[in-house]
$ cat structure27.txt   # compact mmCIF, C-alpha atoms and all ligand atoms
# COMPACT_ATOMS: atom_id res chain seq x y z
CA MET A 1 0.00 0.00 0.00
CA MET A 2 2.79 2.34 1.08
CA MET A 3 4.71 1.65 -2.14
CA GLU A 4 1.64 2.26 -4.29
CA GLN A 5 1.16 5.56 -2.55
CA ASN A 6 4.80 6.50 -3.20
CA ILE A 7 4.50 5.59 -6.88
CA ALA A 8 1.32 7.66 -7.26
CA GLN A 9 2.82 10.62 -5.40
CA ALA A 10 6.00 10.56 -7.45
CA ALA A 11 4.03 10.48 -10.70
CA GLN A 12 1.83 13.36 -9.57
CA LYS A 13 4.83 15.54 -8.76
CA GLY A 14 6.62 14.62 -12.00
CA GLU A 15 9.42 13.29 -9.80
CA LEU A 16 11.74 10.57 -11.11
CA ILE A 17 14.34 10.12 -8.36
CA ARG A 18 14.20 10.85 -4.67
CA ALA A 19 16.94 10.30 -2.07
CA ASN A 20 16.27 10.62 1.65
CA GLY A 21 19.09 10.41 4.19
CA LEU A 22 21.11 8.32 1.74
CA ARG A 23 24.27 6.95 3.34
CA LYS A 24 27.03 4.71 2.04
CA VAL A 25 29.77 3.12 4.10
CA TYR A 26 32.40 0.99 2.34
CA THR A 27 34.31 -1.70 4.18
CA THR A 28 37.85 -2.00 2.82
CA ASP A 29 39.77 -5.28 2.44
CA THR A 30 41.48 -4.55 5.75
CA GLY A 31 38.13 -4.10 7.48
CA ASP A 32 38.29 -0.30 7.75
CA LYS A 33 35.10 1.67 7.25
CA VAL A 34 34.98 4.53 4.72
CA LEU A 35 32.03 6.89 4.93
CA ALA A 36 31.51 7.84 1.27
CA LEU A 37 28.03 9.41 1.40
CA LYS A 38 26.54 10.98 4.48
CA GLU A 39 22.87 11.97 4.64
CA VAL A 40 22.27 12.86 1.00
CA ASP A 41 18.80 14.25 0.19
CA PHE A 42 17.47 15.37 -3.18
CA SER A 43 14.59 15.15 -5.60
CA ILE A 44 15.00 15.05 -9.39
CA ARG A 45 12.16 15.73 -11.80
CA ASP A 46 11.47 13.62 -14.85
CA GLY A 47 13.34 15.11 -17.82
CA GLU A 48 15.80 17.23 -15.83
CA PHE A 49 19.47 17.62 -16.72
CA ILE A 50 21.50 17.48 -13.51
CA SER A 51 25.28 17.80 -13.21
CA ILE A 52 27.22 16.77 -10.14
CA VAL A 53 30.48 18.55 -9.32
CA GLY A 54 32.76 18.14 -6.33
CA PRO A 55 36.33 17.32 -5.35
CA SER A 56 37.79 13.88 -6.10
CA GLY A 57 36.68 11.26 -3.62
CA CYS A 58 33.53 13.11 -2.51
CA GLY A 59 31.30 10.23 -3.55
CA LYS A 60 30.07 11.24 -7.03
CA SER A 61 30.70 7.85 -8.65
CA THR A 62 29.34 6.10 -5.58
CA LEU A 63 26.08 8.02 -5.95
CA LEU A 64 25.87 7.20 -9.66
CA LYS A 65 26.47 3.48 -9.09
CA ILE A 66 23.76 3.44 -6.43
CA MET A 67 21.33 5.08 -8.89
CA ALA A 68 22.22 2.44 -11.49
CA GLY A 69 21.50 -0.26 -8.90
CA LEU A 70 25.09 -1.54 -9.26
CA LEU A 71 25.95 -0.76 -5.64
CA GLY A 72 23.92 -1.11 -2.45
CA TYR A 73 23.56 1.64 0.15
CA SER A 74 23.93 1.46 3.91
CA ALA A 75 21.04 3.57 5.20
CA GLY A 76 18.32 5.94 4.04
CA ASP A 77 16.40 5.42 0.85
CA ILE A 78 16.61 6.15 -2.87
CA SER A 79 13.78 5.50 -5.28
CA ILE A 80 13.02 5.76 -8.99
CA SER A 81 9.37 6.52 -9.89
CA GLY A 82 8.46 5.82 -6.25
CA ARG A 83 10.11 2.36 -6.12
CA SER A 84 13.16 1.86 -3.91
CA ILE A 85 16.25 0.83 -5.87
CA LYS A 86 17.07 -2.71 -4.78
CA GLY A 87 19.44 -3.84 -7.54
CA PRO A 88 20.21 -3.42 -11.24
CA HIS A 89 17.17 -2.17 -13.14
CA HIS A 90 16.35 -1.82 -16.80
CA ASP A 91 15.28 1.79 -17.00
CA VAL A 92 18.80 3.17 -17.07
CA GLY A 93 21.67 3.68 -19.51
CA VAL A 94 25.21 4.30 -18.26
CA VAL A 95 28.15 6.02 -19.99
CA PHE A 96 31.62 5.95 -18.43
CA GLN A 97 34.76 7.97 -19.13
CA ALA A 98 36.19 5.19 -21.32
CA PRO A 99 33.90 4.07 -24.15
CA VAL A 100 34.49 0.31 -23.40
CA LEU A 101 33.57 -0.99 -26.83
CA LEU A 102 34.34 -4.60 -27.72
CA PRO A 103 37.18 -4.49 -30.31
CA TRP A 104 35.98 -7.55 -32.24
CA ARG A 105 32.47 -6.17 -32.82
CA THR A 106 31.48 -3.50 -35.31
CA ILE A 107 30.05 -0.20 -34.09
CA LEU A 108 26.48 -1.32 -34.85
CA GLN A 109 27.07 -4.68 -33.13
CA ASN A 110 28.50 -2.88 -30.08
CA VAL A 111 25.57 -0.50 -29.93
CA LEU A 112 23.11 -3.41 -30.11
CA LEU A 113 24.83 -5.49 -27.40
CA PRO A 114 22.59 -4.47 -24.44
CA SER A 115 19.53 -5.19 -26.59
CA GLU A 116 20.96 -8.62 -27.44
CA PHE A 117 21.36 -9.36 -23.74
CA ARG A 118 17.68 -8.64 -23.31
CA GLY A 119 16.80 -10.70 -26.39
CA ARG A 120 15.32 -7.71 -28.13
CA VAL A 121 17.06 -7.04 -31.42
CA ASP A 122 14.07 -6.50 -33.67
CA LYS A 123 13.79 -4.12 -36.61
CA LYS A 124 12.56 -1.32 -34.37
CA VAL A 125 15.68 -1.49 -32.19
CA GLN A 126 17.94 -1.68 -35.25
CA ASP A 127 16.22 1.34 -36.81
CA ARG A 128 16.55 3.30 -33.58
CA ALA A 129 20.26 2.41 -33.35
CA ARG A 130 20.87 3.62 -36.92
CA GLU A 131 18.85 6.77 -36.34
CA LEU A 132 20.80 7.63 -33.17
CA LEU A 133 24.12 6.88 -34.89
CA ALA A 134 23.10 9.26 -37.69
CA LEU A 135 22.15 11.91 -35.14
CA VAL A 136 25.67 11.87 -33.68
CA GLY A 137 27.29 11.90 -37.12
CA LEU A 138 28.20 8.22 -37.31
CA SER A 139 26.23 7.31 -40.42
CA GLY A 140 28.48 5.22 -42.63
CA PHE A 141 30.50 3.94 -39.64
CA GLU A 142 28.03 1.23 -38.61
CA ASN A 143 30.20 -1.59 -39.96
CA ARG A 144 33.56 -0.17 -38.86
CA TYR A 145 35.47 -1.49 -35.85
CA PRO A 146 36.20 0.65 -32.76
CA HIS A 147 39.94 1.03 -33.54
CA GLU A 148 39.00 2.70 -36.84
CA LEU A 149 37.25 5.55 -34.98
CA SER A 150 38.62 8.53 -33.04
CA GLY A 151 38.14 8.77 -29.25
CA GLY A 152 35.28 11.22 -29.70
CA MET A 153 33.54 8.96 -32.22
CA GLN A 154 33.92 5.95 -29.91
CA GLN A 155 32.37 7.92 -27.07
CA ARG A 156 29.49 8.96 -29.34
CA ALA A 157 28.91 5.26 -30.06
CA SER A 158 28.89 4.44 -26.34
CA ILE A 159 26.28 7.15 -25.75
CA VAL A 160 24.14 5.69 -28.53
CA ARG A 161 24.54 2.24 -26.94
CA ALA A 162 23.20 3.64 -23.64
CA LEU A 163 20.20 5.18 -25.44
CA VAL A 164 19.15 2.38 -27.79
CA GLN A 165 16.75 0.84 -25.25
CA ASP A 166 15.25 4.30 -24.68
CA PRO A 167 15.80 4.34 -20.89
CA LYS A 168 14.13 6.98 -18.72
CA LEU A 169 17.42 7.74 -17.01
CA LEU A 170 20.88 8.32 -18.48
CA LEU A 171 23.82 8.28 -16.04
CA MET A 172 27.12 9.73 -17.30
CA ASP A 173 30.36 9.56 -15.29
CA GLU A 174 32.79 12.14 -16.72
CA PRO A 175 32.00 10.97 -20.24
CA PHE A 176 34.05 13.67 -21.99
CA GLY A 177 36.94 13.88 -19.51
CA ALA A 178 39.40 12.10 -21.81
CA LEU A 179 38.65 14.20 -24.91
CA ASP A 180 40.46 17.28 -26.19
CA ALA A 181 38.83 20.65 -25.47
CA LEU A 182 37.41 21.22 -28.97
CA THR A 183 35.88 17.76 -29.24
CA ARG A 184 34.52 18.16 -25.74
CA ASP A 185 32.71 21.40 -26.64
CA GLN A 186 31.27 19.71 -29.70
CA MET A 187 30.12 16.70 -27.65
CA ASN A 188 28.34 19.01 -25.21
CA VAL A 189 26.37 20.62 -28.02
CA GLU A 190 25.56 17.20 -29.50
CA LEU A 191 24.47 15.83 -26.15
CA LEU A 192 21.95 18.66 -25.75
CA LYS A 193 20.71 17.98 -29.27
CA LEU A 194 20.24 14.28 -28.45
CA TRP A 195 18.52 15.20 -25.20
CA SER A 196 15.99 17.41 -26.97
CA HIS A 197 15.41 14.75 -29.64
CA SER A 198 14.92 11.99 -27.08
CA PRO A 199 14.07 13.57 -23.72
CA LYS A 200 15.33 11.80 -20.60
CA THR A 201 16.56 12.54 -17.17
CA ILE A 202 20.35 12.91 -17.31
CA ILE A 203 22.73 12.80 -14.34
CA PHE A 204 26.16 13.96 -15.46
CA ILE A 205 29.33 13.92 -13.37
CA THR A 206 32.02 16.38 -14.42
CA HIS A 207 35.09 18.21 -13.15
CA SER A 208 34.42 21.10 -15.51
CA ILE A 209 32.37 23.92 -14.02
CA ALA A 210 31.75 25.41 -17.48
CA GLU A 211 30.47 22.07 -18.77
CA ALA A 212 28.13 21.73 -15.79
CA VAL A 213 26.66 25.22 -16.26
CA PHE A 214 26.37 24.87 -20.03
CA LEU A 215 24.46 21.58 -19.89
CA SER A 216 22.36 21.65 -16.77
CA ASP A 217 19.04 22.70 -15.35
CA ARG A 218 20.58 22.30 -11.89
CA VAL A 219 24.11 21.70 -10.63
CA PHE A 220 24.60 19.63 -7.46
CA VAL A 221 27.74 20.78 -5.63
CA MET A 222 29.19 18.19 -3.26
CA THR A 223 31.60 18.71 -0.35
CA PRO A 224 34.71 16.59 0.30
CA ARG A 225 34.38 13.19 1.92
CA PRO A 226 32.21 12.30 3.66
CA GLY A 227 30.15 13.38 0.66
CA LYS A 228 27.24 15.65 1.32
CA LEU A 229 25.18 17.64 -1.10
CA ASP A 230 26.35 21.13 -0.25
CA GLU A 231 24.27 23.29 -2.49
CA ILE A 232 22.03 23.04 -5.54
CA ILE A 233 22.44 25.78 -8.15
CA GLU A 234 19.54 26.40 -10.53
CA VAL A 235 20.87 27.40 -13.95
CA ASP A 236 18.27 29.69 -15.40
CA LEU A 237 19.82 30.18 -18.86
CA PRO A 238 17.57 29.93 -21.92
CA ARG A 239 17.52 26.86 -24.16
CA PRO A 240 18.53 25.90 -26.77
CA ARG A 241 22.02 26.77 -25.55
CA ALA A 242 24.88 27.77 -27.82
CA LEU A 243 28.60 27.74 -27.03
CA SER A 244 28.69 31.54 -27.37
CA MET A 245 26.74 31.72 -24.08
CA VAL A 246 29.88 30.76 -22.21
CA ASN A 247 31.11 34.33 -22.74
CA THR A 248 28.02 36.03 -21.28
CA ASP A 249 27.86 37.71 -17.88
CA ALA A 250 25.00 35.47 -16.72
CA PHE A 251 27.06 32.37 -17.49
CA GLY A 252 30.03 33.83 -15.63
CA VAL A 253 27.93 34.51 -12.54
CA TYR A 254 26.81 30.86 -12.33
CA ALA A 255 30.32 29.55 -12.92
CA GLY A 256 31.69 31.97 -10.30
CA ARG A 257 29.19 30.84 -7.68
CA ILE A 258 30.06 27.19 -8.18
CA ARG A 259 33.80 27.90 -8.19
CA LYS A 260 33.45 29.77 -4.91
CA LEU A 261 31.57 26.88 -3.31
CA LEU A 262 34.19 24.37 -4.48
CA HIS A 263 37.07 26.50 -3.25
CA ALA A 264 35.36 27.07 0.09
CA SER A 265 35.05 23.31 0.51
CA GLU A 266 38.72 22.88 -0.47
CA ASP A 267 39.72 25.34 2.25
CA ILE A 268 37.78 23.33 4.81
CA ALA A 269 39.33 20.08 3.56
CA GLY A 270 42.83 21.54 3.47
P1 LIG B 301 34.41 10.48 -6.64
O1 LIG B 301 33.66 9.80 -7.75
O2 LIG B 301 33.74 11.72 -6.16
O3 LIG B 301 35.85 10.73 -6.94
P2 LIG B 301 34.01 7.94 -5.25
O4 LIG B 301 32.53 7.78 -5.20
O5 LIG B 301 34.75 7.15 -6.28
O6 LIG B 301 34.39 9.50 -5.37
O7 LIG B 301 34.62 7.56 -3.82
C1 LIG B 301 34.16 8.15 -2.61
C2 LIG B 301 35.02 7.65 -1.46
O8 LIG B 301 34.79 6.26 -1.25
C3 LIG B 301 36.53 7.79 -1.69
O9 LIG B 301 37.14 8.15 -0.50
C4 LIG B 301 36.95 6.41 -2.14
O10 LIG B 301 38.27 6.17 -1.77
C5 LIG B 301 36.00 5.54 -1.36
N1 LIG B 301 35.72 4.27 -2.09
C6 LIG B 301 35.21 4.16 -3.33
N2 LIG B 301 35.06 2.86 -3.68
C7 LIG B 301 35.48 2.13 -2.60
C8 LIG B 301 35.57 0.74 -2.32
N3 LIG B 301 35.17 -0.19 -3.20
N4 LIG B 301 36.08 0.37 -1.12
C9 LIG B 301 36.45 1.29 -0.21
N5 LIG B 301 36.39 2.62 -0.40
C10 LIG B 301 35.90 3.04 -1.58
$ encode --input "structure27.txt" --output "structure tokens" --more "lines below"
Ligand code: ADP
Amino acid sequence: MMMEQNIAQAAQKGELIRANGLRKVYTTDTGDKVLALKEVDFSIRDGEFISIVGPSGCGKSTLLKIMAGLLGYSAGDISISGRSIKGPHHDVGVVFQAPVLLPWRTILQNVLLPSEFRGRVDKKVQDRARELLALVGLSGFENRYPHELSGGMQQRASIVRALVQDPKLLLMDEPFGALDALTRDQMNVELLKLWSHSPKTIIFITHSIAEAVFLSDRVFVMTPRPGKLDEIIEVDLPRPRALSMVNTDAFGVYAGRIRKLLHASEDIAG
């Protein structure tokens, strides 16, 4: 009954993810306890673009893995559409910093792999894969192998792979961190294009303040370990966004606020 109520309430509020008092304690091989997340609370609306910034080791990846259902939590609660996350679930796509494509499979075969695992490679899925590949400029590369593509192209393919099953939630852990600055800018613009073509809730971890402001509806700023959600910055810049916005005063004000928060937390940590 309680769960049904939660599901109905979440739907009514347009809420996709809610965390209440979320806590994560790791136990190391030597038996030591590491408090990675301490009392994290937030609510994310369906269709929002959220970035998470914070110093290394503050628990960003831990939070993402918990959302993907790949990692358990120690206390509190986190739910998707009103249902507590208890393990891996289907309604999520994940993109990591390295594209992790299988070298012996073509780009199309790589992109279709998660669908194969679920036994669902019908014409509709194949068409969607081709359409998404075209949208990120990879038409004509379907039958190439990963080593024949640049780093940026490989990462585009891994984003397509995460989107083929049309998940509600896309989790991205520093997906553009390994790319050169120009490619990275281009990928940001393309990601927003993909997002408007195929709306989803995106949670995006980054070390780049500019990237976070450019992409997001809200930026979650985390403090050093034990990770807490320090502040949530609403980015009220118009969409569609263009790279030229980075040079505007409004953009600079948002970036400055986040930088100040991060430096303040560094001072405390230091
Ligand atoms: P971030 O992504 O912000 O850099 P992480 O979520 O990777 O941070 O890690 C948060 C904290 O938890 C760090 O102090 C890290 O050392 C610790 N940690 C991460 N994974 C493990 C693990 N498997 N065992 C023990 N400690 C871990």
$ residues_around --input "structure27.txt" --residues "Lys38 (chain A)" --least-positions-apart "3" --cutoff "7 Å" --atoms "only C-alpha atoms" --output "list in words"
Leu22, Arg23, Lys24, Leu35, Pro226, Gly227 and Lys228 of chain A
$ closest_residue --input "structure27.txt" --among "A:Leu169, A:Leu149, A:Leu70, A:Ile232" --to "Asp41 (chain A)" --atoms "only C-alpha atoms"
A:Ile232
$ residues_around --input "structure27.txt" --residues "Arg130 (chain A)" --least-positions-apart "2" --cutoff "8 Å" --atoms "all atoms listed in the file" --output "list in words"
Leu108, Gln126, Asp127, Arg128, Leu132, Leu133, Ala134, Ser139 and Glu142 of chain A
$ residues_near_ligand --input "structure27.txt" --ligand "ligand LIG 301 (chain B)" --cutoff "10 Å" --atoms "only C-alpha atoms and all ligand atoms" --output "PyMOL selection string"
chain A and resi 24-37+52-66+71+173-174+205-207+222-227
$ atom_distance --input "structure27.txt" --atom1 "CA of Leu163 (chain A)" --atom2 "CA of Glu4 (chain A)"
28.3 Å
$ atom_distance --input "structure27.txt" --atom1 "CA of Gly93 (chain A)" --atom2 "CA of Ala162 (chain A)"
4.4 Å
